[in-house]
file data-v9.cif (mmCIF, C-alpha atoms and all ligand atoms)
data_data
#
loop_
_atom_site.group_PDB
_atom_site.id
_atom_site.type_symbol
_atom_site.label_atom_id
_atom_site.label_comp_id
_atom_site.auth_asym_id
_atom_site.auth_seq_id
_atom_site.Cartn_x
_atom_site.Cartn_y
_atom_site.Cartn_z
ATOM 1 C CA MET F 1 -0.409 -7.301 16.468
ATOM 2 C CA SER F 2 -2.252 -9.347 13.854
ATOM 3 C CA TYR F 3 -4.834 -12.046 14.527
ATOM 4 C CA ASN F 4 -5.571 -12.823 10.859
ATOM 5 C CA LEU F 5 -9.184 -11.836 11.530
ATOM 6 C CA LEU F 6 -9.791 -10.821 7.906
ATOM 7 C CA LYS F 7 -7.737 -13.495 6.173
ATOM 8 C CA GLY F 8 -9.212 -14.135 2.718
ATOM 9 C CA LYS F 9 -11.721 -11.293 3.006
ATOM 10 C CA LYS F 10 -12.179 -8.620 0.353
ATOM 11 C CA GLY F 11 -13.562 -5.158 0.822
ATOM 12 C CA ILE F 12 -14.161 -1.580 -0.271
ATOM 13 C CA ILE F 13 -13.020 1.304 1.950
ATOM 14 C CA PHE F 14 -14.551 4.752 1.393
ATOM 15 C CA GLY F 15 -13.151 7.973 2.856
ATOM 16 C CA ALA F 16 -9.360 7.842 3.378
ATOM 17 C CA LEU F 17 -8.321 11.450 2.785
ATOM 18 C CA ASP F 18 -5.064 11.690 4.721
ATOM 19 C CA GLU F 19 -3.155 9.946 7.507
ATOM 20 C CA LYS F 20 -5.540 11.300 10.150
ATOM 21 C CA SER F 21 -8.676 9.850 8.480
ATOM 22 C CA ILE F 22 -10.436 7.064 10.335
ATOM 23 C CA ALA F 23 -10.702 5.187 7.016
ATOM 24 C CA TRP F 24 -6.907 5.410 6.613
ATOM 25 C CA LYS F 25 -6.413 3.636 9.944
ATOM 26 C CA VAL F 26 -9.064 1.041 9.060
ATOM 27 C CA ALA F 27 -7.255 0.314 5.777
ATOM 28 C CA LYS F 28 -3.925 -0.181 7.560
ATOM 29 C CA ARG F 29 -5.486 -2.495 10.156
ATOM 30 C CA ALA F 30 -7.476 -4.410 7.528
ATOM 31 C CA LYS F 31 -4.236 -5.031 5.638
ATOM 32 C CA GLU F 32 -2.503 -6.230 8.813
ATOM 33 C CA GLU F 33 -5.413 -8.613 9.440
ATOM 34 C CA GLY F 34 -5.009 -10.184 5.998
ATOM 35 C CA ALA F 35 -7.724 -8.437 3.946
ATOM 36 C CA GLU F 36 -7.515 -7.341 0.320
ATOM 37 C CA PHE F 37 -9.440 -4.229 -0.643
ATOM 38 C CA VAL F 38 -9.866 -1.302 -2.980
ATOM 39 C CA LEU F 39 -9.753 2.280 -1.772
ATOM 40 C CA THR F 40 -12.162 4.909 -2.995
ATOM 41 C CA ASN F 41 -12.839 8.590 -2.481
ATOM 42 C CA ALA F 42 -14.452 11.521 -4.291
ATOM 43 C CA PRO F 43 -12.467 12.517 -7.406
ATOM 44 C CA LEU F 44 -11.991 15.991 -5.888
ATOM 45 C CA ALA F 45 -10.444 14.585 -2.698
ATOM 46 C CA MET F 46 -7.984 12.559 -4.767
ATOM 47 C CA ARG F 47 -6.392 15.658 -6.196
ATOM 48 C CA MET F 48 -4.549 16.003 -2.918
ATOM 49 C CA GLY F 49 -2.814 12.770 -3.880
ATOM 50 C CA GLU F 50 -2.311 11.540 -0.309
ATOM 51 C CA ILE F 51 -4.331 8.393 -0.939
ATOM 52 C CA ASN F 52 -1.630 7.109 -3.335
ATOM 53 C CA LYS F 53 0.681 6.683 -0.350
ATOM 54 C CA LEU F 54 -1.894 4.532 1.435
ATOM 55 C CA ALA F 55 -2.529 2.538 -1.745
ATOM 56 C CA GLU F 56 1.190 1.744 -1.987
ATOM 57 C CA GLU F 57 1.482 0.822 1.676
ATOM 58 C CA THR F 58 -1.519 -1.511 1.551
ATOM 59 C CA ASN F 59 -0.997 -2.802 -1.974
ATOM 60 C CA ALA F 60 -4.497 -1.606 -2.904
ATOM 61 C CA GLN F 61 -5.909 -0.104 -6.067
ATOM 62 C CA ILE F 62 -7.841 3.155 -6.064
ATOM 63 C CA ILE F 63 -11.163 3.643 -7.836
ATOM 64 C CA PRO F 64 -12.509 7.208 -7.708
ATOM 65 C CA ALA F 65 -16.233 7.541 -6.955
ATOM 66 C CA ASP F 66 -18.453 10.369 -5.819
ATOM 67 C CA ALA F 67 -20.590 8.519 -3.264
ATOM 68 C CA THR F 68 -23.641 10.610 -4.238
ATOM 69 C CA SER F 69 -23.518 9.296 -7.833
ATOM 70 C CA VAL F 70 -25.228 5.954 -8.455
ATOM 71 C CA GLU F 71 -23.351 5.687 -11.765
ATOM 72 C CA ASP F 72 -19.991 6.127 -10.021
ATOM 73 C CA LEU F 73 -20.985 3.560 -7.401
ATOM 74 C CA GLU F 74 -22.007 1.006 -10.044
ATOM 75 C CA ASN F 75 -18.659 1.483 -11.751
ATOM 76 C CA LEU F 76 -16.894 1.156 -8.392
ATOM 77 C CA PHE F 77 -18.582 -2.112 -7.399
ATOM 78 C CA ASN F 78 -18.079 -3.611 -10.876
ATOM 79 C CA LYS F 79 -14.393 -2.650 -11.045
ATOM 80 C CA ALA F 80 -13.740 -3.675 -7.444
ATOM 81 C CA GLN F 81 -15.091 -7.154 -8.175
ATOM 82 C CA GLU F 82 -12.897 -7.414 -11.275
ATOM 83 C CA ILE F 83 -9.804 -6.351 -9.328
ATOM 84 C CA LEU F 84 -10.513 -8.500 -6.266
ATOM 85 C CA GLY F 85 -11.678 -11.489 -8.302
ATOM 86 C CA GLY F 86 -15.172 -11.770 -6.819
ATOM 87 C CA LYS F 87 -17.733 -10.340 -4.451
ATOM 88 C CA VAL F 88 -16.717 -8.312 -1.408
ATOM 89 C CA ASP F 89 -17.101 -9.247 2.259
ATOM 90 C CA PHE F 90 -16.971 -5.820 3.859
ATOM 91 C CA VAL F 91 -17.631 -2.168 3.078
ATOM 92 C CA LEU F 92 -16.655 0.861 5.167
ATOM 93 C CA HIS F 93 -18.634 4.093 4.699
ATOM 94 C CA SER F 94 -16.425 6.781 6.281
ATOM 95 C CA ILE F 95 -17.911 9.822 4.564
ATOM 96 C CA GLY F 96 -19.159 13.104 5.947
ATOM 97 C CA MET F 97 -19.387 16.683 4.714
ATOM 98 C CA SER F 98 -21.605 19.688 5.452
ATOM 99 C CA PRO F 99 -21.280 22.862 3.368
ATOM 100 C CA ASN F 100 -23.208 24.692 6.118
ATOM 101 C CA ILE F 101 -20.569 23.712 8.703
ATOM 102 C CA ARG F 102 -17.774 24.523 6.293
ATOM 103 C CA LYS F 103 -19.183 28.013 5.734
ATOM 104 C CA GLY F 104 -19.886 28.562 9.444
ATOM 105 C CA LYS F 105 -23.695 28.831 9.100
ATOM 106 C CA SER F 106 -25.649 28.705 12.357
ATOM 107 C CA TYR F 107 -28.641 26.401 12.855
ATOM 108 C CA GLY F 108 -31.031 29.330 12.441
ATOM 109 C CA ASP F 109 -29.483 30.430 9.168
ATOM 110 C CA MET F 110 -29.238 27.221 7.136
ATOM 111 C CA ASN F 111 -28.782 27.320 3.390
ATOM 112 C CA TYR F 112 -31.250 24.619 2.286
ATOM 113 C CA ASP F 113 -29.450 23.672 -0.915
ATOM 114 C CA TRP F 114 -26.414 22.985 1.242
ATOM 115 C CA PHE F 115 -28.557 21.171 3.816
ATOM 116 C CA GLN F 116 -29.659 18.797 1.047
ATOM 117 C CA LYS F 117 -26.037 18.380 -0.010
ATOM 118 C CA THR F 118 -25.148 17.461 3.592
ATOM 119 C CA LEU F 119 -27.863 14.807 3.644
ATOM 120 C CA ASP F 120 -26.937 13.481 0.204
ATOM 121 C CA VAL F 121 -23.195 13.165 0.900
ATOM 122 C CA SER F 122 -23.326 12.105 4.546
ATOM 123 C CA ALA F 123 -26.449 9.902 4.700
ATOM 124 C CA LEU F 124 -28.166 9.058 1.379
ATOM 125 C CA SER F 125 -24.809 7.927 -0.003
ATOM 126 C CA PHE F 126 -25.058 5.035 2.476
ATOM 127 C CA HIS F 127 -28.407 3.962 1.043
ATOM 128 C CA LYS F 128 -27.048 4.323 -2.503
ATOM 129 C CA ILE F 129 -24.045 2.130 -1.676
ATOM 130 C CA LEU F 130 -26.279 -0.563 -0.191
ATOM 131 C CA GLN F 131 -28.814 -0.440 -3.029
ATOM 132 C CA VAL F 132 -26.132 -0.608 -5.725
ATOM 133 C CA ALA F 133 -24.433 -3.497 -3.902
ATOM 134 C CA GLU F 134 -27.720 -5.366 -3.608
ATOM 135 C CA LYS F 135 -28.687 -4.847 -7.252
ATOM 136 C CA LEU F 136 -25.274 -5.994 -8.464
ATOM 137 C CA ASP F 137 -25.275 -8.791 -5.871
ATOM 138 C CA ALA F 138 -21.786 -7.616 -4.957
ATOM 139 C CA ILE F 139 -21.599 -8.615 -1.269
ATOM 140 C CA ASN F 140 -20.998 -12.206 -0.116
ATOM 141 C CA GLU F 141 -23.351 -13.971 2.319
ATOM 142 C CA TRP F 142 -22.490 -12.941 5.923
ATOM 143 C CA GLY F 143 -20.775 -9.804 4.647
ATOM 144 C CA SER F 144 -20.558 -6.724 6.863
ATOM 145 C CA VAL F 145 -21.228 -3.059 6.094
ATOM 146 C CA VAL F 146 -20.256 -0.340 8.581
ATOM 147 C CA ALA F 147 -20.808 3.437 8.533
ATOM 148 C CA LEU F 148 -19.420 5.942 11.017
ATOM 149 C CA SER F 149 -21.795 8.066 13.063
ATOM 150 C CA TYR F 150 -21.746 10.543 15.935
ATOM 151 C CA ILE F 151 -23.841 10.945 19.111
ATOM 152 C CA ALA F 152 -25.264 14.241 17.794
ATOM 153 C CA ALA F 153 -27.828 11.932 16.101
ATOM 154 C CA GLN F 154 -29.434 11.505 19.570
ATOM 155 C CA ARG F 155 -28.237 14.485 21.649
ATOM 156 C CA VAL F 156 -27.817 18.186 20.915
ATOM 157 C CA PHE F 157 -24.380 19.516 19.979
ATOM 158 C CA PRO F 158 -25.233 23.017 18.675
ATOM 159 C CA ASP F 159 -22.228 23.426 16.327
ATOM 160 C CA TYR F 160 -22.933 20.101 14.584
ATOM 161 C CA THR F 161 -25.988 21.740 12.910
ATOM 162 C CA ASP F 162 -27.305 19.822 9.874
ATOM 163 C CA MET F 163 -24.841 16.960 10.336
ATOM 164 C CA SER F 164 -26.972 15.916 13.341
ATOM 165 C CA GLN F 165 -29.872 15.202 10.997
ATOM 166 C CA ALA F 166 -27.557 13.482 8.516
ATOM 167 C CA LYS F 167 -26.328 11.118 11.240
ATOM 168 C CA ALA F 168 -29.893 10.377 12.397
ATOM 169 C CA VAL F 169 -30.794 9.412 8.814
ATOM 170 C CA LEU F 170 -27.592 7.378 8.457
ATOM 171 C CA GLU F 171 -28.401 5.337 11.574
ATOM 172 C CA SER F 172 -31.965 4.794 10.394
ATOM 173 C CA ILE F 173 -30.696 3.526 7.032
ATOM 174 C CA ALA F 174 -28.481 1.021 8.880
ATOM 175 C CA ARG F 175 -31.537 -0.351 10.705
ATOM 176 C CA ASN F 176 -33.835 -0.455 7.686
ATOM 177 C CA TYR F 177 -31.333 -1.763 5.144
ATOM 178 C CA GLY F 178 -29.957 -4.086 7.816
ATOM 179 C CA TYR F 179 -33.348 -5.754 7.966
ATOM 180 C CA ARG F 180 -33.605 -6.046 4.198
ATOM 181 C CA TYR F 181 -30.047 -7.245 3.530
ATOM 182 C CA GLY F 182 -30.187 -9.601 6.503
ATOM 183 C CA LYS F 183 -33.265 -11.332 5.128
ATOM 184 C CA LEU F 184 -31.874 -11.420 1.608
ATOM 185 C CA LYS F 185 -28.249 -12.466 2.115
ATOM 186 C CA ASN F 186 -27.395 -12.531 5.830
ATOM 187 C CA VAL F 187 -25.461 -9.318 5.265
ATOM 188 C CA ARG F 188 -25.182 -7.204 8.411
ATOM 189 C CA VAL F 189 -25.356 -3.423 8.496
ATOM 190 C CA ASN F 190 -24.301 -1.295 11.484
ATOM 191 C CA THR F 191 -23.176 2.187 12.424
ATOM 192 C CA VAL F 192 -20.353 2.922 14.852
ATOM 193 C CA SER F 193 -20.876 6.078 16.908
ATOM 194 C CA GLN F 194 -17.341 7.320 17.418
ATOM 195 C CA SER F 195 -15.808 9.770 19.932
ATOM 196 C CA PRO F 196 -14.674 13.176 18.640
ATOM 197 C CA THR F 197 -11.510 12.466 16.638
ATOM 198 C CA LYS F 198 -8.878 14.888 15.336
ATOM 199 C CA THR F 199 -9.376 14.540 11.569
ATOM 200 C CA THR F 200 -10.135 16.982 8.747
ATOM 201 C CA ALA F 201 -13.910 16.451 9.056
ATOM 202 C CA GLY F 202 -13.808 16.449 12.873
ATOM 203 C CA THR F 203 -11.759 19.578 13.441
ATOM 204 C CA GLY F 204 -13.863 21.418 10.846
ATOM 205 C CA VAL F 205 -16.767 21.552 13.324
ATOM 206 C CA GLY F 206 -16.890 24.819 15.332
ATOM 207 C CA GLY F 207 -15.686 24.491 18.931
ATOM 208 C CA PHE F 208 -14.152 21.068 18.216
ATOM 209 C CA ASP F 209 -11.312 21.435 20.722
ATOM 210 C CA VAL F 210 -13.771 22.171 23.524
ATOM 211 C CA PHE F 211 -16.063 19.218 22.917
ATOM 212 C CA TYR F 212 -13.091 16.935 22.311
ATOM 213 C CA GLU F 213 -11.763 17.917 25.735
ATOM 214 C CA TYR F 214 -15.232 17.744 27.324
ATOM 215 C CA ALA F 215 -15.913 14.239 25.940
ATOM 216 C CA ASP F 216 -12.479 13.091 27.089
ATOM 217 C CA LYS F 217 -13.134 14.307 30.630
ATOM 218 C CA MET F 218 -16.642 12.799 30.704
ATOM 219 C CA SER F 219 -15.603 9.342 29.504
ATOM 220 C CA PRO F 220 -14.155 6.941 32.092
ATOM 221 C CA LEU F 221 -11.952 5.405 29.388
ATOM 222 C CA GLY F 222 -11.221 8.712 27.639
ATOM 223 C CA ASN F 223 -11.986 9.391 23.978
ATOM 224 C CA ALA F 224 -11.608 6.532 21.525
ATOM 225 C CA SER F 225 -8.888 7.356 18.976
ATOM 226 C CA ALA F 226 -9.024 6.731 15.225
ATOM 227 C CA GLU F 227 -6.815 3.663 15.821
ATOM 228 C CA ASP F 228 -9.268 2.354 18.443
ATOM 229 C CA CYS F 229 -12.082 2.908 15.951
ATOM 230 C CA ALA F 230 -10.182 0.974 13.281
ATOM 231 C CA ASN F 231 -9.774 -1.971 15.676
ATOM 232 C CA TYR F 232 -13.506 -1.973 16.404
ATOM 233 C CA CYS F 233 -14.387 -1.849 12.700
ATOM 234 C CA ILE F 234 -12.094 -4.837 12.081
ATOM 235 C CA THR F 235 -14.033 -6.888 14.646
ATOM 236 C CA LEU F 236 -17.269 -5.935 12.904
ATOM 237 C CA PHE F 237 -15.885 -7.061 9.539
ATOM 238 C CA SER F 238 -14.667 -10.318 11.053
ATOM 239 C CA ASP F 239 -16.624 -13.541 11.505
ATOM 240 C CA LEU F 240 -16.649 -12.992 15.283
ATOM 241 C CA THR F 241 -19.624 -10.611 15.067
ATOM 242 C CA ARG F 242 -21.883 -12.463 12.630
ATOM 243 C CA LYS F 243 -25.099 -11.878 14.549
ATOM 244 C CA VAL F 244 -24.604 -8.162 15.166
ATOM 245 C CA THR F 245 -26.791 -6.139 12.835
ATOM 246 C CA MET F 246 -29.097 -3.083 12.625
ATOM 247 C CA GLN F 247 -27.243 -1.507 15.567
ATOM 248 C CA ASN F 248 -25.821 1.874 16.349
ATOM 249 C CA LEU F 249 -22.784 0.801 18.355
ATOM 250 C CA MET F 250 -21.364 3.314 20.819
ATOM 251 C CA HIS F 251 -17.579 3.498 20.585
ATOM 252 C CA ASP F 252 -16.905 6.385 22.901
ATOM 253 C CA GLY F 253 -15.044 5.324 26.072
ATOM 254 C CA GLY F 254 -18.339 5.328 27.994
ATOM 255 C CA PHE F 255 -19.388 8.919 27.149
ATOM 256 C CA SER F 256 -22.943 8.050 26.093
ATOM 257 C CA SER F 257 -23.820 6.535 29.506
ATOM 258 C CA MET F 258 -22.525 9.457 31.557
ATOM 259 C CA GLY F 259 -24.441 12.248 33.283
ATOM 260 C CA ILE F 260 -21.549 14.117 34.819
ATOM 261 C CA SER F 261 -18.036 13.066 35.799
ATOM 262 C CA GLU F 262 -15.778 14.017 38.693
ATOM 263 C CA ASP F 263 -13.309 15.528 36.212
ATOM 264 C CA ILE F 264 -15.975 17.891 34.863
ATOM 265 C CA VAL F 265 -17.111 18.843 38.396
ATOM 266 C CA GLU F 266 -13.505 19.615 39.280
ATOM 267 C CA MET F 267 -13.086 21.725 36.135
ATOM 268 C CA ILE F 268 -16.192 23.801 36.872
ATOM 269 C CA ASN F 269 -15.270 24.231 40.539
ATOM 270 C CA LYS F 270 -11.891 25.765 39.635
HETATM 271 N N1 LIG F 301 -13.727 13.071 13.386
HETATM 272 C C1 LIG F 301 -14.712 12.959 14.265
HETATM 273 O O1 LIG F 301 -14.732 13.632 15.306
HETATM 274 C C2 LIG F 301 -15.811 11.992 14.000
HETATM 275 C C3 LIG F 301 -16.621 11.549 15.070
HETATM 276 C C4 LIG F 301 -17.662 10.661 14.794
HETATM 277 C C5 LIG F 301 -17.896 10.244 13.483
HETATM 278 N N2 LIG F 301 -17.078 10.700 12.476
HETATM 279 C C6 LIG F 301 -17.375 10.279 11.106
HETATM 280 O O2 LIG F 301 -16.311 9.529 10.592
HETATM 281 C C7 LIG F 301 -16.369 9.562 9.157
HETATM 282 C C8 LIG F 301 -14.988 9.826 8.599
HETATM 283 O O3 LIG F 301 -14.559 11.126 8.909
HETATM 284 P P1 LIG F 301 -13.092 11.476 9.425
HETATM 285 O O4 LIG F 301 -13.236 12.039 10.791
HETATM 286 O O5 LIG F 301 -12.175 10.341 9.205
HETATM 287 O O6 LIG F 301 -12.696 12.713 8.498
HETATM 288 P P2 LIG F 301 -12.069 12.809 7.009
HETATM 289 O O7 LIG F 301 -12.237 14.244 6.630
HETATM 290 O O8 LIG F 301 -10.708 12.258 7.001
HETATM 291 O O9 LIG F 301 -13.035 11.875 6.133
HETATM 292 C C9 LIG F 301 -14.209 12.313 5.508
HETATM 293 C C10 LIG F 301 -14.187 11.728 4.099
HETATM 294 O O10 LIG F 301 -15.404 11.939 3.387
HETATM 295 C C11 LIG F 301 -15.020 12.020 2.012
HETATM 296 N N3 LIG F 301 -16.092 12.556 1.159
HETATM 297 C C12 LIG F 301 -16.668 13.791 1.235
HETATM 298 N N4 LIG F 301 -17.569 13.930 0.231
HETATM 299 C C13 LIG F 301 -17.561 12.754 -0.471
HETATM 300 C C14 LIG F 301 -18.273 12.277 -1.617
HETATM 301 N N5 LIG F 301 -19.171 13.048 -2.258
HETATM 302 N N6 LIG F 301 -17.999 11.035 -2.076
HETATM 303 C C15 LIG F 301 -17.079 10.241 -1.459
HETATM 304 N N7 LIG F 301 -16.387 10.644 -0.367
HETATM 305 C C16 LIG F 301 -16.625 11.885 0.115
HETATM 306 C C17 LIG F 301 -13.821 12.958 2.090
HETATM 307 O O11 LIG F 301 -13.097 13.017 0.883
HETATM 308 C C18 LIG F 301 -13.066 12.346 3.236
HETATM 309 O O12 LIG F 301 -12.188 11.334 2.793
HETATM 310 C C19 LIG F 301 -17.435 10.618 8.809
HETATM 311 O O13 LIG F 301 -18.667 9.978 8.561
HETATM 312 C C20 LIG F 301 -17.512 11.412 10.099
HETATM 313 O O14 LIG F 301 -18.749 12.105 10.238
HETATM 314 C C21 LIG F 301 -16.046 11.536 12.714
#
call {"tool": "encode", "arguments": {"input": "data-v9.cif", "output": "structure tokens", "more": "lines below"}}
Ligand SMILES: NC(=O)c1ccc[n+]([C@@H]2O[C@H](COP(=O)([O-])OP(=O)(O)OC[C@H]3O[C@@H](n4cnc5c(N)ncnc54)[C@H](O)[C@@H]3O)[C@@H](O)[C@H]2O)c1
result
Amino acid sequence: MSYNLLKGKKGIIFGALDEKSIAWKVAKRAKEEGAEFVLTNAPLAMRMGEINKLAEETNAQIIPADATSVEDLENLFNKAQEILGGKVDFVLHSIGMSPNIRKGKSYGDMNYDWFQKTLDVSALSFHKILQVAEKLDAINEWGSVVALSYIAAQRVFPDYTDMSQAKAVLESIARNYGYRYGKLKNVRVNTVSQSPTKTTAGTGVGGFDVFYEYADKMSPLGNASAEDCANYCITLFSDLTRKVTMQNLMHDGGFSSMGISEDIVEMINK
């Protein structure tokens, strides 16, 4: 169902890799709600070619950009404004990658070059996007910027290793840049802390199936799906949430407020 929540709004969506990606679902919903946007991803990720399908379906152009490269980001924001005919109203940062997780390194055996790569790709990229946007004055007044986070920023999930630190930094950037951009241009900046979701990045984390199941059984509403996440992001891009900023917003079916649930007790008692 469409409510025309993003009618006339323009945006940039980072991170649609394939149909399972949260960013893919956000792009589809943004289109349904009347937005116009450009899609972007790392040049390497584009080789898979999947994103072309999404671009066709949403009538969007694709601009490759490595989110760790300020030069790529400058090119992206300049080209996006040319294509869209002006400044943007919303930006989605849906980017995460840890070489340590990919290579199965434990928390006591981190490769520090990779640790820095994790932080650069998954957290500093958010600061770079905001700084480039500010310097180019590329976001309209009352625009909205959202990045996706995970509760491992606050609680311990052993297999999430260095991504836990990346998410803590990401959420801190949302608060600090949210202050700055709010004062400057009334632009709001938030993170959405999403339930475990079956995507390429999600299922790459060791033991994913177990903590997916665990979170589902802990949460009174069950895990939030990628589609649910897309709906929430749309509200944050819309004018209905103009005074929400500098927040880490839990989108997890209630998981973050739970201690233990009857379902988990039942499981352990079996
Ligand atoms: N899947 C989950 O369980 C879950 C839960 C909470 C939060 N998140 C977060 O949601 C976001 C999206 O992940 P997803 O689950 O949709 O998985 P995904 O694998 O579909 O998306 C991750 C994206 O990051 C992109 N990326 C990696 N390096 C990049 C770079 N240098 N420049 C630009 N893009 C780069 C990838 O190409 C990919 O499109 C991530 O921030 C992730 O941490 C995911």
call {"tool": "closest_atom_pairs", "arguments": {"input": "data-v9.cif", "of": "chain F", "to": "ligand LIG 301 (chain F)", "cutoff": "7 Å", "atoms": "all atoms listed in the file", "output": "Markdown table"}}
result
| residue | atom | partner | partner_atom | distance |
| --- | --- | --- | --- | --- |
| F:Phe14 | CA | F:LIG301 | N7 | 6.4 |
| F:Gly15 | CA | F:LIG301 | O12 | 3.5 |
| F:Ala16 | CA | F:LIG301 | O12 | 4.5 |
| F:Leu17 | CA | F:LIG301 | O12 | 3.9 |
| F:Asp18 | CA | F:LIG301 | O8 | 6.1 |
| F:Lys20 | CA | F:LIG301 | O8 | 6.1 |
| F:Ser21 | CA | F:LIG301 | O8 | 3.5 |
| F:Ile22 | CA | F:LIG301 | O5 | 3.9 |
| F:Ala23 | CA | F:LIG301 | O5 | 5.8 |
| F:Asn41 | CA | F:LIG301 | N7 | 4.6 |
| F:Ala42 | CA | F:LIG301 | C15 | 4.1 |
| F:Ala45 | CA | F:LIG301 | O11 | 4.7 |
| F:Ala65 | CA | F:LIG301 | C15 | 6.2 |
| F:Asp66 | CA | F:LIG301 | N6 | 3.8 |
| F:Ala67 | CA | F:LIG301 | N6 | 3.8 |
| F:Thr68 | CA | F:LIG301 | N5 | 5.5 |
| F:Ser94 | CA | F:LIG301 | C7 | 4.0 |
| F:Ile95 | CA | F:LIG301 | O10 | 3.5 |
| F:Gly96 | CA | F:LIG301 | O13 | 4.1 |
| F:Met97 | CA | F:LIG301 | C12 | 5.3 |
| F:Val121 | CA | F:LIG301 | N5 | 5.1 |
| F:Ser122 | CA | F:LIG301 | O13 | 6.5 |
| F:Ala147 | CA | F:LIG301 | O13 | 6.9 |
| F:Leu148 | CA | F:LIG301 | O2 | 4.8 |
| F:Ser149 | CA | F:LIG301 | C5 | 4.5 |
| F:Tyr150 | CA | F:LIG301 | C4 | 4.2 |
| F:Ser193 | CA | F:LIG301 | C4 | 6.0 |
| F:Gln194 | CA | F:LIG301 | C4 | 4.3 |
| F:Ser195 | CA | F:LIG301 | C3 | 5.2 |
| F:Pro196 | CA | F:LIG301 | O1 | 3.4 |
| F:Thr197 | CA | F:LIG301 | O1 | 3.7 |
| F:Lys198 | CA | F:LIG301 | N1 | 5.5 |
| F:Thr199 | CA | F:LIG301 | O4 | 4.7 |
| F:Thr200 | CA | F:LIG301 | O7 | 4.0 |
| F:Ala201 | CA | F:LIG301 | O7 | 3.7 |
| F:Gly202 | CA | F:LIG301 | N1 | 3.4 |
| F:Thr203 | CA | F:LIG301 | N1 | 6.8 |
call {"tool": "closest_residue", "arguments": {"input": "data-v9.cif", "among": "F:Ala80, F:Val265, F:Val88, F:Leu236", "to": "F:Lys217", "atoms": "only C-alpha atoms"}}
result
F:Val265
call {"tool": "resolve_selection", "arguments": {"input": "data-v9.cif", "expression": "the PyMOL selection byres (((chain F and resi 128) around 10) and not hetatm)", "output": "list in words"}}
result
Ala67, Thr68, Ser69, Val70, Leu73, Glu74, Asp120, Ala123, Leu124, Ser125, Phe126, His127, Ile129, Leu130, Gln131, Val132, Ala133 and Glu134 of chain F
call {"tool": "resolve_selection", "arguments": {"input": "data-v9.cif", "expression": "the PyMOL selection byres (((chain F and resi 190) around 8) and not hetatm)", "output": "mmCIF file with C-alpha atoms, in the coordinates of the input"}}
result
data_model
loop_
_atom_site.group_PDB
_atom_site.id
_atom_site.type_symbol
_atom_site.label_atom_id
_atom_site.label_comp_id
_atom_site.auth_asym_id
_atom_site.auth_seq_id
_atom_site.Cartn_x
_atom_site.Cartn_y
_atom_site.Cartn_z
ATOM 1 C CA VAL F 145 -21.228 -3.059 6.094
ATOM 2 C CA VAL F 146 -20.256 -0.340 8.581
ATOM 3 C CA ALA F 147 -20.808 3.437 8.533
ATOM 4 C CA GLU F 171 -28.401 5.337 11.574
ATOM 5 C CA ALA F 174 -28.481 1.021 8.880
ATOM 6 C CA ARG F 175 -31.537 -0.351 10.705
ATOM 7 C CA GLY F 178 -29.957 -4.086 7.816
ATOM 8 C CA ARG F 188 -25.182 -7.204 8.411
ATOM 9 C CA VAL F 189 -25.356 -3.423 8.496
ATOM 10 C CA THR F 191 -23.176 2.187 12.424
ATOM 11 C CA VAL F 192 -20.353 2.922 14.852
ATOM 12 C CA VAL F 244 -24.604 -8.162 15.166
ATOM 13 C CA THR F 245 -26.791 -6.139 12.835
ATOM 14 C CA MET F 246 -29.097 -3.083 12.625
ATOM 15 C CA GLN F 247 -27.243 -1.507 15.567
ATOM 16 C CA ASN F 248 -25.821 1.874 16.349
ATOM 17 C CA LEU F 249 -22.784 0.801 18.355
#
call {"tool": "closest_residue", "arguments": {"input": "data-v9.cif", "among": "F:Ile260, F:Met46, F:Ala153, F:Leu5", "to": "F:Gly34", "atoms": "only C-alpha atoms"}}
result
F:Leu5
call {"tool": "residues_around", "arguments": {"input": "data-v9.cif", "residues": "F:Trp142", "least_positions_apart": "2", "cutoff": "12 Å", "atoms": "all atoms listed in the file", "output": "PyMOL selection string"}}
result
chain F and resi 9+87-90+139-140+144-145+178+181-189+236-245
call {"tool": "resolve_selection", "arguments": {"input": "data-v9.cif", "expression": "the PyMOL selection byres (((chain F and resi 98) around 9) and not hetatm)", "output": "list in words"}}
result
Gly96, Met97, Pro99, Asn100, Ile101, Arg102, Lys103, Trp114, Phe115, Lys117, Thr118, Leu119, Val121, Ser122, Thr161, Asp162 and Met163 of chain F
call {"tool": "atom_distance", "arguments": {"input": "data-v9.cif", "atom1": "atom CA of F:Asn223", "atom2": "atom CA of F:Ile268"}}
result
19.8 Å
call {"tool": "closest_residue", "arguments": {"input": "data-v9.cif", "among": "F:Leu136, F:Ala27, F:Ala215, F:Met258", "to": "F:Ile234", "atoms": "only C-alpha atoms"}}
result
F:Ala27
